[in-house]
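Visitor: Provided herewith is a single structure, encoded as structure tokens, for subsequent inquiry.
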Amino acid sequence: MKVVLVDDSRSALFALQSSLSNIEGIKLITFTAPDEALTYCLANPVDLLFIDYMMPGHTGIDIIKALKQSPDYDLVPIVMVTAERQREVLIAAIEAGATEFVSKPFDAIELQARATNLVQLRKAHLELSRQAARLEEEVAHATQEVVSREEEIIWRLARAIEFRDGATGDHISRVAKISQLIAADLGLDKETCRMIYLVAPLHDVGKIGIADCILQKPGKLTSDEIAEMRKHVEFGVSLLGNGTSRLLQVAEAIAGGHHEKWDGTGYPNGLKGKDIPLVARIVAVADVFEALCTERPYKKAWAIDAARDHIRENSGLHFDPDCVAAFDRQWPAIQKLMTYVNKAHVEPPALAVSLDDTLSLSPKGRVPTENTQESR
């Protein structure tokens, strides 16, 4: 334990040093110049300080104030050694951060007892800090395990739904990644982007309640079948609704709003513009784009450039213009992601492209034209 003694009087400094030298487990470091003591203490960890009040250039209170500006000295005990009895001086020292006072001339035995107690107090503080750090690390590790299990459960559930829809599971992976790219480009915080990535695969969870003869019908749906298909939004909200966690609330908003349209012509509620939750507007762009690029029982796959044109043409109609602009800025990353559209193997949830590397890419701008198609 490092104990620093500061006094411009060499005789007083020697008396302090002699009184404390018998305490086991401490290292005494002495200074007669307050500036040198301050420089040393700010550059090195110290466990206890004894500082004289009246010194040339700086008072002990000045040194205490300077040290207390550093968070490293929040819990370091500091003893003011002074012959002053004025109440104003004592109050000023306490306000500056002094822990105790020792009056000159001091009693060596009393000084040694006080120093021993303060050293033990400092050891206790350090041990508590170490325990707190260990506990924080254990909590972080446990939290990460919970998050990993949560992600795996959601991923597997979403893939099961996609298998019923005639897909391979690639669709949900790419929708999640494209949604996260758009969200990050829009400036959403890191945790919200993670949540969108995590629950975007559940946007069609309500399809679990739709009959296979409709889901996998190779031809055009009848009006009755379309009405039945649209119920998947209602089913999804029922499955995810009333969640107590923010994660489930985001999932519910996406499931309930990803078929709404910017111009108010979507379903199920005909919401318009910013009345549609932002998370749903983001996923709508990613979902339609990826669905167009993927072969399904009822349609051929589009070329990715044609699908991109469709998204741009429907900016301000089907899609939020800001989301389309973000999609366009992220096109290099999305294009890279879509080059794996025909791969049979799908990685577990993880971004294939770095968000940090892609947020600054792709020019801004859009080309608004008329709405042309609705994704099943």
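Identifiers in the structure tokens: chain A, B, ... in order shown; residue index from 1 per chain; ligand index from 1 in order shown.
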With DSSP run on the backbone, what are the strand (DSSP E) residues within range 74-296 of chain A? I'd like them as a list of chain:residue names.

Guide: A:Ile78, A:Val79, A:Met80, A:Val81, A:Thr82, A:Glu100, A:Phe101, A:Val102, A:Ser103

Visitor: Excluding range 70-81 of chain A and its own-chain neighbours fewer than 3 positions away, which residues fall within 9 Å of it when counting only C-alpha atoms? Please give them as a ChimeraX atom specification.

Guide: /A:7,42,45-53,60-61,64,66-67,84,93,97-104,106,115,118-119,121-122,125

Visitor: Kindly save the residues from that selection, with N, CA and C atoms included, as an mmCIF file, in the first residue's frame.

Guide:
```
data_model
loop_
_atom_site.group_PDB
_atom_site.id
_atom_site.type_symbol
_atom_site.label_atom_id
_atom_site.label_comp_id
_atom_site.auth_asym_id
_atom_site.auth_seq_id
_atom_site.Cartn_x
_atom_site.Cartn_y
_atom_site.Cartn_z
ATOM 1 N N ASP A 7 5.102 17.492 3.085
ATOM 2 C CA ASP A 7 5.310 18.593 4.039
ATOM 3 C C ASP A 7 6.569 19.338 3.632
ATOM 4 N N LEU A 42 -0.940 11.998 -9.413
ATOM 5 C CA LEU A 42 -1.809 11.909 -10.581
ATOM 6 C C LEU A 42 -1.315 10.871 -11.580
ATOM 7 N N PRO A 45 -0.890 5.179 -8.786
ATOM 8 C CA PRO A 45 -1.921 4.838 -7.805
ATOM 9 C C PRO A 45 -1.392 5.002 -6.382
ATOM 10 N N VAL A 46 -2.146 5.675 -5.537
ATOM 11 C CA VAL A 46 -1.768 5.934 -4.152
ATOM 12 C C VAL A 46 -2.914 5.500 -3.258
ATOM 13 N N ASP A 47 -2.591 4.980 -2.072
ATOM 14 C CA ASP A 47 -3.621 4.429 -1.197
ATOM 15 C C ASP A 47 -3.938 5.297 0.021
ATOM 16 N N LEU A 48 -3.026 6.165 0.415
ATOM 17 C CA LEU A 48 -3.255 7.034 1.572
ATOM 18 C C LEU A 48 -2.312 8.231 1.467
ATOM 19 N N LEU A 49 -2.826 9.430 1.819
ATOM 20 C CA LEU A 49 -1.986 10.633 1.773
ATOM 21 C C LEU A 49 -2.073 11.387 3.087
ATOM 22 N N PHE A 50 -0.918 11.908 3.529
ATOM 23 C CA PHE A 50 -0.834 12.869 4.621
ATOM 24 C C PHE A 50 -0.289 14.161 4.017
ATOM 25 N N ILE A 51 -1.053 15.269 4.116
ATOM 26 C CA ILE A 51 -0.673 16.509 3.450
ATOM 27 C C ILE A 51 -0.701 17.656 4.448
ATOM 28 N N ASP A 52 0.401 18.397 4.494
ATOM 29 C CA ASP A 52 0.480 19.593 5.338
ATOM 30 C C ASP A 52 -0.432 20.682 4.772
ATOM 31 N N TYR A 53 -0.964 21.517 5.653
ATOM 32 C CA TYR A 53 -1.842 22.590 5.170
ATOM 33 C C TYR A 53 -1.047 23.760 4.599
ATOM 34 N N GLY A 60 -2.335 22.749 1.355
ATOM 35 C CA GLY A 60 -2.779 21.366 1.275
ATOM 36 C C GLY A 60 -4.176 21.250 0.681
ATOM 37 N N ILE A 61 -5.028 22.250 0.935
ATOM 38 C CA ILE A 61 -6.382 22.235 0.370
ATOM 39 C C ILE A 61 -6.335 22.302 -1.151
ATOM 40 N N ILE A 64 -5.518 18.833 -2.382
ATOM 41 C CA ILE A 64 -6.657 17.923 -2.240
ATOM 42 C C ILE A 64 -7.682 18.171 -3.343
ATOM 43 N N ALA A 66 -7.217 19.398 -6.307
ATOM 44 C CA ALA A 66 -6.683 18.935 -7.587
ATOM 45 C C ALA A 66 -6.783 17.412 -7.700
ATOM 46 N N LEU A 67 -6.482 16.714 -6.595
ATOM 47 C CA LEU A 67 -6.547 15.255 -6.622
ATOM 48 C C LEU A 67 -7.981 14.753 -6.760
ATOM 49 N N GLU A 84 -3.302 24.683 12.255
ATOM 50 C CA GLU A 84 -4.410 25.636 12.225
ATOM 51 C C GLU A 84 -5.577 25.131 13.075
ATOM 52 N N ALA A 93 -11.224 22.374 4.248
ATOM 53 C CA ALA A 93 -10.538 21.095 4.010
ATOM 54 C C ALA A 93 -11.545 19.955 3.837
ATOM 55 N N GLY A 97 -12.385 17.607 0.417
ATOM 56 C CA GLY A 97 -12.321 16.155 0.349
ATOM 57 C C GLY A 97 -11.427 15.506 1.385
ATOM 58 N N ALA A 98 -10.978 16.260 2.378
ATOM 59 C CA ALA A 98 -10.141 15.674 3.427
ATOM 60 C C ALA A 98 -10.957 14.661 4.225
ATOM 61 N N THR A 99 -10.295 13.525 4.564
ATOM 62 C CA THR A 99 -10.967 12.468 5.318
ATOM 63 C C THR A 99 -10.847 12.697 6.818
ATOM 64 N N GLU A 100 -9.641 13.084 7.259
ATOM 65 C CA GLU A 100 -9.383 13.302 8.679
ATOM 66 C C GLU A 100 -8.397 14.446 8.853
ATOM 67 N N PHE A 101 -8.209 14.844 10.127
ATOM 68 C CA PHE A 101 -7.221 15.872 10.464
ATOM 69 C C PHE A 101 -6.277 15.322 11.519
ATOM 70 N N VAL A 102 -5.006 15.754 11.431
ATOM 71 C CA VAL A 102 -4.003 15.486 12.464
ATOM 72 C C VAL A 102 -3.411 16.825 12.857
ATOM 73 N N SER A 103 -3.478 17.126 14.142
ATOM 74 C CA SER A 103 -2.992 18.421 14.624
ATOM 75 C C SER A 103 -1.504 18.364 14.945
ATOM 76 N N LYS A 104 -0.820 19.437 14.584
ATOM 77 C CA LYS A 104 0.589 19.579 14.965
ATOM 78 C C LYS A 104 0.658 20.300 16.313
ATOM 79 N N PHE A 106 1.808 16.342 16.649
ATOM 80 C CA PHE A 106 0.971 15.148 16.735
ATOM 81 C C PHE A 106 1.600 14.122 17.671
ATOM 82 N N ALA A 115 -3.434 5.922 10.893
ATOM 83 C CA ALA A 115 -2.931 5.474 9.604
ATOM 84 C C ALA A 115 -3.265 4.000 9.375
ATOM 85 N N LEU A 118 -6.912 3.654 8.449
ATOM 86 C CA LEU A 118 -7.189 4.151 7.103
ATOM 87 C C LEU A 118 -6.644 3.207 6.032
ATOM 88 N N VAL A 119 -5.515 2.588 6.307
ATOM 89 C CA VAL A 119 -4.979 1.600 5.368
ATOM 90 C C VAL A 119 -5.930 0.408 5.257
ATOM 91 N N LEU A 121 -9.129 0.474 5.827
ATOM 92 C CA LEU A 121 -10.303 0.970 5.114
ATOM 93 C C LEU A 121 -10.053 0.971 3.612
ATOM 94 N N ARG A 122 -8.886 1.408 3.212
ATOM 95 C CA ARG A 122 -8.531 1.433 1.791
ATOM 96 C C ARG A 122 -8.495 0.016 1.216
ATOM 97 N N HIS A 125 -12.015 -1.052 0.595
ATOM 98 C CA HIS A 125 -12.560 -0.412 -0.606
ATOM 99 C C HIS A 125 -12.073 -1.113 -1.870
#
```

Visitor: May I have all residues of range 28-84 of chain A that DSSP, computed from the backbone, assigns to alpha helix (DSSP H), given as an MDAnalysis selection string?

Guide: chainID A and resid 34:43 60:68

Visitor: Those selected residues, please, written with N, CA and C atoms and delivered as a PDB file, in the first residue's frame.

Guide:
```pdb
ATOM      1  N   PRO A  34       5.009  20.558  -2.960  1.00  0.00           N
ATOM      2  CA  PRO A  34       3.635  20.138  -3.250  1.00  0.00           C
ATOM      3  C   PRO A  34       3.385  19.853  -4.739  1.00  0.00           C
ATOM      4  N   ASP A  35       4.027  20.624  -5.635  1.00  0.00           N
ATOM      5  CA  ASP A  35       3.848  20.401  -7.072  1.00  0.00           C
ATOM      6  C   ASP A  35       4.353  19.019  -7.475  1.00  0.00           C
ATOM      7  N   GLU A  36       5.505  18.640  -6.947  1.00  0.00           N
ATOM      8  CA  GLU A  36       6.060  17.325  -7.264  1.00  0.00           C
ATOM      9  C   GLU A  36       5.160  16.211  -6.729  1.00  0.00           C
ATOM     10  N   ALA A  37       4.629  16.418  -5.533  1.00  0.00           N
ATOM     11  CA  ALA A  37       3.725  15.420  -4.946  1.00  0.00           C
ATOM     12  C   ALA A  37       2.471  15.252  -5.802  1.00  0.00           C
ATOM     13  N   LEU A  38       1.901  16.377  -6.259  1.00  0.00           N
ATOM     14  CA  LEU A  38       0.692  16.328  -7.087  1.00  0.00           C
ATOM     15  C   LEU A  38       0.956  15.600  -8.402  1.00  0.00           C
ATOM     16  N   THR A  39       2.088  15.920  -9.033  1.00  0.00           N
ATOM     17  CA  THR A  39       2.435  15.262 -10.297  1.00  0.00           C
ATOM     18  C   THR A  39       2.572  13.758 -10.109  1.00  0.00           C
ATOM     19  N   TYR A  40       3.232  13.353  -9.039  1.00  0.00           N
ATOM     20  CA  TYR A  40       3.425  11.934  -8.775  1.00  0.00           C
ATOM     21  C   TYR A  40       2.089  11.237  -8.527  1.00  0.00           C
ATOM     22  N   CYS A  41       1.258  11.835  -7.684  1.00  0.00           N
ATOM     23  CA  CYS A  41      -0.013  11.198  -7.304  1.00  0.00           C
ATOM     24  C   CYS A  41      -0.955  11.043  -8.493  1.00  0.00           C
ATOM     25  N   LEU A  42      -0.940  11.998  -9.413  1.00  0.00           N
ATOM     26  CA  LEU A  42      -1.809  11.909 -10.581  1.00  0.00           C
ATOM     27  C   LEU A  42      -1.315  10.871 -11.580  1.00  0.00           C
ATOM     28  N   ALA A  43      -0.044  10.540 -11.498  1.00  0.00           N
ATOM     29  CA  ALA A  43       0.532   9.566 -12.432  1.00  0.00           C
ATOM     30  C   ALA A  43       0.646   8.171 -11.852  1.00  0.00           C
ATOM     31  N   GLY A  60      -2.335  22.749   1.355  1.00  0.00           N
ATOM     32  CA  GLY A  60      -2.779  21.366   1.275  1.00  0.00           C
ATOM     33  C   GLY A  60      -4.176  21.250   0.681  1.00  0.00           C
ATOM     34  N   ILE A  61      -5.028  22.250   0.935  1.00  0.00           N
ATOM     35  CA  ILE A  61      -6.382  22.235   0.370  1.00  0.00           C
ATOM     36  C   ILE A  61      -6.335  22.302  -1.151  1.00  0.00           C
ATOM     37  N   ASP A  62      -5.411  23.107  -1.681  1.00  0.00           N
ATOM     38  CA  ASP A  62      -5.257  23.181  -3.141  1.00  0.00           C
ATOM     39  C   ASP A  62      -4.914  21.811  -3.730  1.00  0.00           C
ATOM     40  N   ILE A  63      -4.018  21.091  -3.061  1.00  0.00           N
ATOM     41  CA  ILE A  63      -3.596  19.779  -3.550  1.00  0.00           C
ATOM     42  C   ILE A  63      -4.763  18.787  -3.483  1.00  0.00           C
ATOM     43  N   ILE A  64      -5.518  18.833  -2.382  1.00  0.00           N
ATOM     44  CA  ILE A  64      -6.657  17.923  -2.240  1.00  0.00           C
ATOM     45  C   ILE A  64      -7.682  18.171  -3.343  1.00  0.00           C
ATOM     46  N   LYS A  65      -7.993  19.441  -3.599  1.00  0.00           N
ATOM     47  CA  LYS A  65      -8.954  19.773  -4.655  1.00  0.00           C
ATOM     48  C   LYS A  65      -8.499  19.238  -6.012  1.00  0.00           C
ATOM     49  N   ALA A  66      -7.217  19.398  -6.307  1.00  0.00           N
ATOM     50  CA  ALA A  66      -6.683  18.935  -7.587  1.00  0.00           C
ATOM     51  C   ALA A  66      -6.783  17.412  -7.700  1.00  0.00           C
ATOM     52  N   LEU A  67      -6.482  16.714  -6.595  1.00  0.00           N
ATOM     53  CA  LEU A  67      -6.547  15.255  -6.622  1.00  0.00           C
ATOM     54  C   LEU A  67      -7.981  14.753  -6.760  1.00  0.00           C
ATOM     55  N   LYS A  68      -8.916  15.411  -6.098  1.00  0.00           N
ATOM     56  CA  LYS A  68     -10.298  14.956  -6.109  1.00  0.00           C
ATOM     57  C   LYS A  68     -10.984  15.175  -7.457  1.00  0.00           C
TER      58      LYS A  68
END
```

Visitor: Calculate how many Å separate CA of Ala307 in chain A from CA of Val250 in chain A, rounding to one decimal.

Guide: 26.5 Å

Visitor: Measure the distance from CA of Gly264 in chain A to CA of Pro218 in chain A in Å and round it to one decimal.

Guide: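 Distance reported for this atom pair: 28.9 Å.
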
Visitor: How many Å separate CA of Leu239 in chain A from CA of Ala227 in chain A?

Guide: 19.2 Å

Visitor: Can you work out which one of A:Leu126, A:Ile109, A:Leu181, A:Ala158 has the shortest atom-to-atom distance to Ala333 in chain A, counting only C-alpha atoms?

Guide: A:Leu181

Visitor: Do a neighbour search on Val199 in chain A at 12 Å with only C-alpha atoms, toss out local chain neighbours closer than 6 positions, and write the hits as a PDB file with N, CA and C atoms, in the first residue's frame.

Guide:
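Output (selection.pdb):
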```
ATOM      1  N   GLU A 150     -31.929 -16.737 -26.592  1.00  0.00           N
ATOM      2  CA  GLU A 150     -33.092 -16.022 -27.114  1.00  0.00           C
ATOM      3  C   GLU A 150     -33.015 -15.913 -28.636  1.00  0.00           C
ATOM      4  N   GLU A 151     -31.853 -15.553 -29.140  1.00  0.00           N
ATOM      5  CA  GLU A 151     -31.665 -15.428 -30.582  1.00  0.00           C
ATOM      6  C   GLU A 151     -31.861 -16.775 -31.277  1.00  0.00           C
ATOM      7  N   GLU A 152     -31.331 -17.832 -30.685  1.00  0.00           N
ATOM      8  CA  GLU A 152     -31.437 -19.146 -31.316  1.00  0.00           C
ATOM      9  C   GLU A 152     -32.891 -19.607 -31.382  1.00  0.00           C
ATOM     10  N   ILE A 153     -33.647 -19.386 -30.301  1.00  0.00           N
ATOM     11  CA  ILE A 153     -35.054 -19.795 -30.279  1.00  0.00           C
ATOM     12  C   ILE A 153     -35.842 -19.046 -31.345  1.00  0.00           C
ATOM     13  N   ILE A 154     -35.639 -17.727 -31.430  1.00  0.00           N
ATOM     14  CA  ILE A 154     -36.354 -16.922 -32.423  1.00  0.00           C
ATOM     15  C   ILE A 154     -35.975 -17.362 -33.830  1.00  0.00           C
ATOM     16  N   TRP A 155     -34.697 -17.588 -34.042  1.00  0.00           N
ATOM     17  CA  TRP A 155     -34.215 -17.987 -35.367  1.00  0.00           C
ATOM     18  C   TRP A 155     -34.851 -19.296 -35.815  1.00  0.00           C
ATOM     19  N   ARG A 156     -34.888 -20.273 -34.927  1.00  0.00           N
ATOM     20  CA  ARG A 156     -35.423 -21.577 -35.300  1.00  0.00           C
ATOM     21  C   ARG A 156     -36.937 -21.508 -35.528  1.00  0.00           C
ATOM     22  N   LEU A 157     -37.637 -20.723 -34.724  1.00  0.00           N
ATOM     23  CA  LEU A 157     -39.070 -20.561 -34.921  1.00  0.00           C
ATOM     24  C   LEU A 157     -39.347 -19.924 -36.277  1.00  0.00           C
ATOM     25  N   ALA A 158     -38.603 -18.870 -36.601  1.00  0.00           N
ATOM     26  CA  ALA A 158     -38.815 -18.182 -37.867  1.00  0.00           C
ATOM     27  C   ALA A 158     -38.500 -19.085 -39.055  1.00  0.00           C
ATOM     28  N   ILE A 172     -35.540 -15.212 -44.335  1.00  0.00           N
ATOM     29  CA  ILE A 172     -35.571 -14.534 -43.043  1.00  0.00           C
ATOM     30  C   ILE A 172     -34.204 -13.987 -42.660  1.00  0.00           C
ATOM     31  N   SER A 173     -33.149 -14.722 -43.045  1.00  0.00           N
ATOM     32  CA  SER A 173     -31.795 -14.260 -42.745  1.00  0.00           C
ATOM     33  C   SER A 173     -31.502 -12.957 -43.457  1.00  0.00           C
ATOM     34  N   VAL A 175     -33.709 -10.805 -44.827  1.00  0.00           N
ATOM     35  CA  VAL A 175     -34.601  -9.736 -44.369  1.00  0.00           C
ATOM     36  C   VAL A 175     -34.051  -9.123 -43.078  1.00  0.00           C
ATOM     37  N   ALA A 176     -33.575  -9.970 -42.177  1.00  0.00           N
ATOM     38  CA  ALA A 176     -33.018  -9.480 -40.911  1.00  0.00           C
ATOM     39  C   ALA A 176     -31.797  -8.600 -41.151  1.00  0.00           C
ATOM     40  N   LYS A 177     -30.907  -9.033 -42.021  1.00  0.00           N
ATOM     41  CA  LYS A 177     -29.671  -8.299 -42.266  1.00  0.00           C
ATOM     42  C   LYS A 177     -29.931  -6.986 -42.999  1.00  0.00           C
ATOM     43  N   SER A 179     -32.742  -5.306 -42.977  1.00  0.00           N
ATOM     44  CA  SER A 179     -33.451  -4.438 -42.037  1.00  0.00           C
ATOM     45  C   SER A 179     -32.477  -3.754 -41.090  1.00  0.00           C
ATOM     46  N   GLN A 180     -31.496  -4.494 -40.627  1.00  0.00           N
ATOM     47  CA  GLN A 180     -30.527  -3.905 -39.699  1.00  0.00           C
ATOM     48  C   GLN A 180     -29.668  -2.858 -40.396  1.00  0.00           C
ATOM     49  N   THR A 192     -31.507  -0.894 -30.550  1.00  0.00           N
ATOM     50  CA  THR A 192     -32.708  -0.991 -31.377  1.00  0.00           C
ATOM     51  C   THR A 192     -32.400  -1.713 -32.686  1.00  0.00           C
ATOM     52  N   CYS A 193     -31.253  -1.425 -33.277  1.00  0.00           N
ATOM     53  CA  CYS A 193     -30.847  -2.122 -34.505  1.00  0.00           C
ATOM     54  C   CYS A 193     -30.711  -3.620 -34.254  1.00  0.00           C
ATOM     55  N   VAL A 205     -44.750 -14.527 -38.712  1.00  0.00           N
ATOM     56  CA  VAL A 205     -45.001 -15.634 -37.789  1.00  0.00           C
ATOM     57  C   VAL A 205     -46.457 -16.068 -37.828  1.00  0.00           C
ATOM     58  N   LEU A 240     -47.731 -12.516 -30.714  1.00  0.00           N
ATOM     59  CA  LEU A 240     -46.668 -11.691 -30.132  1.00  0.00           C
ATOM     60  C   LEU A 240     -47.182 -10.591 -29.216  1.00  0.00           C
ATOM     61  N   ARG A 246     -39.353  -5.230 -24.301  1.00  0.00           N
ATOM     62  CA  ARG A 246     -39.276  -4.353 -25.461  1.00  0.00           C
ATOM     63  C   ARG A 246     -39.071  -5.169 -26.738  1.00  0.00           C
ATOM     64  N   LEU A 247     -38.356  -6.275 -26.614  1.00  0.00           N
ATOM     65  CA  LEU A 247     -38.085  -7.123 -27.771  1.00  0.00           C
ATOM     66  C   LEU A 247     -39.392  -7.635 -28.381  1.00  0.00           C
ATOM     67  N   LEU A 248     -40.294  -8.135 -27.543  1.00  0.00           N
ATOM     68  CA  LEU A 248     -41.570  -8.630 -28.041  1.00  0.00           C
ATOM     69  C   LEU A 248     -42.446  -7.493 -28.557  1.00  0.00           C
ATOM     70  N   GLN A 249     -42.334  -6.326 -27.952  1.00  0.00           N
ATOM     71  CA  GLN A 249     -43.115  -5.183 -28.418  1.00  0.00           C
ATOM     72  C   GLN A 249     -42.666  -4.754 -29.809  1.00  0.00           C
ATOM     73  N   VAL A 250     -41.352  -4.786 -30.061  1.00  0.00           N
ATOM     74  CA  VAL A 250     -40.843  -4.480 -31.394  1.00  0.00           C
ATOM     75  C   VAL A 250     -41.308  -5.537 -32.385  1.00  0.00           C
ATOM     76  N   ALA A 251     -41.273  -6.804 -31.964  1.00  0.00           N
ATOM     77  CA  ALA A 251     -41.720  -7.897 -32.839  1.00  0.00           C
ATOM     78  C   ALA A 251     -43.189  -7.739 -33.201  1.00  0.00           C
ATOM     79  N   GLU A 252     -44.008  -7.363 -32.233  1.00  0.00           N
ATOM     80  CA  GLU A 252     -45.439  -7.169 -32.486  1.00  0.00           C
ATOM     81  C   GLU A 252     -45.669  -6.028 -33.474  1.00  0.00           C
ATOM     82  N   ALA A 253     -44.928  -4.932 -33.304  1.00  0.00           N
ATOM     83  CA  ALA A 253     -45.076  -3.783 -34.206  1.00  0.00           C
ATOM     84  C   ALA A 253     -44.709  -4.151 -35.635  1.00  0.00           C
ATOM     85  N   ILE A 254     -43.678  -4.954 -35.784  1.00  0.00           N
ATOM     86  CA  ILE A 254     -43.255  -5.382 -37.128  1.00  0.00           C
ATOM     87  C   ILE A 254     -44.290  -6.326 -37.742  1.00  0.00           C
ATOM     88  N   ALA A 255     -44.714  -7.312 -36.972  1.00  0.00           N
ATOM     89  CA  ALA A 255     -45.688  -8.275 -37.488  1.00  0.00           C
ATOM     90  C   ALA A 255     -46.998  -7.594 -37.872  1.00  0.00           C
ATOM     91  N   VAL A 279     -40.245   0.674 -37.204  1.00  0.00           N
ATOM     92  CA  VAL A 279     -39.642  -0.657 -37.349  1.00  0.00           C
ATOM     93  C   VAL A 279     -40.363  -1.452 -38.434  1.00  0.00           C
ATOM     94  N   ALA A 280     -41.684  -1.275 -38.556  1.00  0.00           N
ATOM     95  CA  ALA A 280     -42.442  -1.978 -39.591  1.00  0.00           C
ATOM     96  C   ALA A 280     -42.148  -1.399 -40.964  1.00  0.00           C
ATOM     97  N   VAL A 283     -38.781  -2.906 -42.085  1.00  0.00           N
ATOM     98  CA  VAL A 283     -38.865  -4.308 -42.484  1.00  0.00           C
ATOM     99  C   VAL A 283     -39.667  -4.469 -43.765  1.00  0.00           C
ATOM    100  N   PRO A 349     -27.821 -16.427 -37.072  1.00  0.00           N
ATOM    101  CA  PRO A 349     -27.897 -14.962 -37.083  1.00  0.00           C
ATOM    102  C   PRO A 349     -26.546 -14.304 -36.872  1.00  0.00           C
TER     103      PRO A 349
END
```

Visitor: So which one's closest to Ser238 in chain A, A:Leu135, A:Ile208, A:Ala83, A:Leu215? Using only C-alpha atoms, please.

Guide: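 The answer is A:Ile208, which sits nearest to Ser238 in chain A.
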
Visitor: Give me, as an mmCIF file with N, CA and C atoms, in the first residue's frame, all polymer residues having an atom no more than 12 Å from Ser18 in chain A, counting only C-alpha atoms and skipping those fewer than 3 positions away in the same chain.

Guide:
```cif
data_model
loop_
_atom_site.group_PDB
_atom_site.id
_atom_site.type_symbol
_atom_site.label_atom_id
_atom_site.label_comp_id
_atom_site.auth_asym_id
_atom_site.auth_seq_id
_atom_site.Cartn_x
_atom_site.Cartn_y
_atom_site.Cartn_z
ATOM 1 N N LEU A 5 3.557 11.146 1.874
ATOM 2 C CA LEU A 5 3.667 12.185 2.904
ATOM 3 C C LEU A 5 4.147 13.468 2.249
ATOM 4 N N SER A 11 11.929 18.495 8.903
ATOM 5 C CA SER A 11 11.845 17.915 10.247
ATOM 6 C C SER A 11 10.464 17.311 10.489
ATOM 7 N N ALA A 12 9.414 18.030 10.038
ATOM 8 C CA ALA A 12 8.050 17.505 10.193
ATOM 9 C C ALA A 12 7.866 16.252 9.338
ATOM 10 N N LEU A 13 8.445 16.274 8.131
ATOM 11 C CA LEU A 13 8.347 15.123 7.241
ATOM 12 C C LEU A 13 9.049 13.917 7.857
ATOM 13 N N PHE A 14 10.202 14.154 8.471
ATOM 14 C CA PHE A 14 10.939 13.067 9.110
ATOM 15 C C PHE A 14 10.148 12.490 10.282
ATOM 16 N N ALA A 15 9.490 13.373 11.039
ATOM 17 C CA ALA A 15 8.694 12.910 12.174
ATOM 18 C C ALA A 15 7.522 12.038 11.703
ATOM 19 N N SER A 21 6.667 4.357 9.975
ATOM 20 C CA SER A 21 7.549 3.362 9.347
ATOM 21 C C SER A 21 7.354 1.958 9.881
ATOM 22 N N ASN A 22 6.760 1.830 11.071
ATOM 23 C CA ASN A 22 6.589 0.497 11.662
ATOM 24 C C ASN A 22 5.298 -0.206 11.213
ATOM 25 N N ILE A 23 4.468 0.483 10.425
ATOM 26 C CA ILE A 23 3.220 -0.141 9.969
ATOM 27 C C ILE A 23 3.551 -1.156 8.878
ATOM 28 N N LEU A 28 6.322 4.032 2.182
ATOM 29 C CA LEU A 28 6.254 5.475 2.392
ATOM 30 C C LEU A 28 6.982 6.214 1.283
ATOM 31 N N THR A 30 7.889 10.248 0.184
ATOM 32 C CA THR A 30 7.880 11.585 0.791
ATOM 33 C C THR A 30 8.173 12.674 -0.235
ATOM 34 N N ASP A 107 0.720 13.234 18.121
ATOM 35 C CA ASP A 107 1.150 12.122 18.955
ATOM 36 C C ASP A 107 1.467 10.940 18.033
ATOM 37 N N ALA A 108 2.667 10.402 18.142
ATOM 38 C CA ALA A 108 3.115 9.349 17.225
ATOM 39 C C ALA A 108 2.234 8.105 17.292
ATOM 40 N N ILE A 109 1.835 7.715 18.498
ATOM 41 C CA ILE A 109 1.016 6.509 18.653
ATOM 42 C C ILE A 109 -0.372 6.716 18.036
ATOM 43 N N LEU A 111 -1.103 8.847 15.669
ATOM 44 C CA LEU A 111 -0.918 8.944 14.223
ATOM 45 C C LEU A 111 -0.816 7.545 13.607
ATOM 46 N N GLN A 112 -0.061 6.682 14.253
ATOM 47 C CA GLN A 112 0.106 5.333 13.739
ATOM 48 C C GLN A 112 -1.219 4.565 13.748
#
```
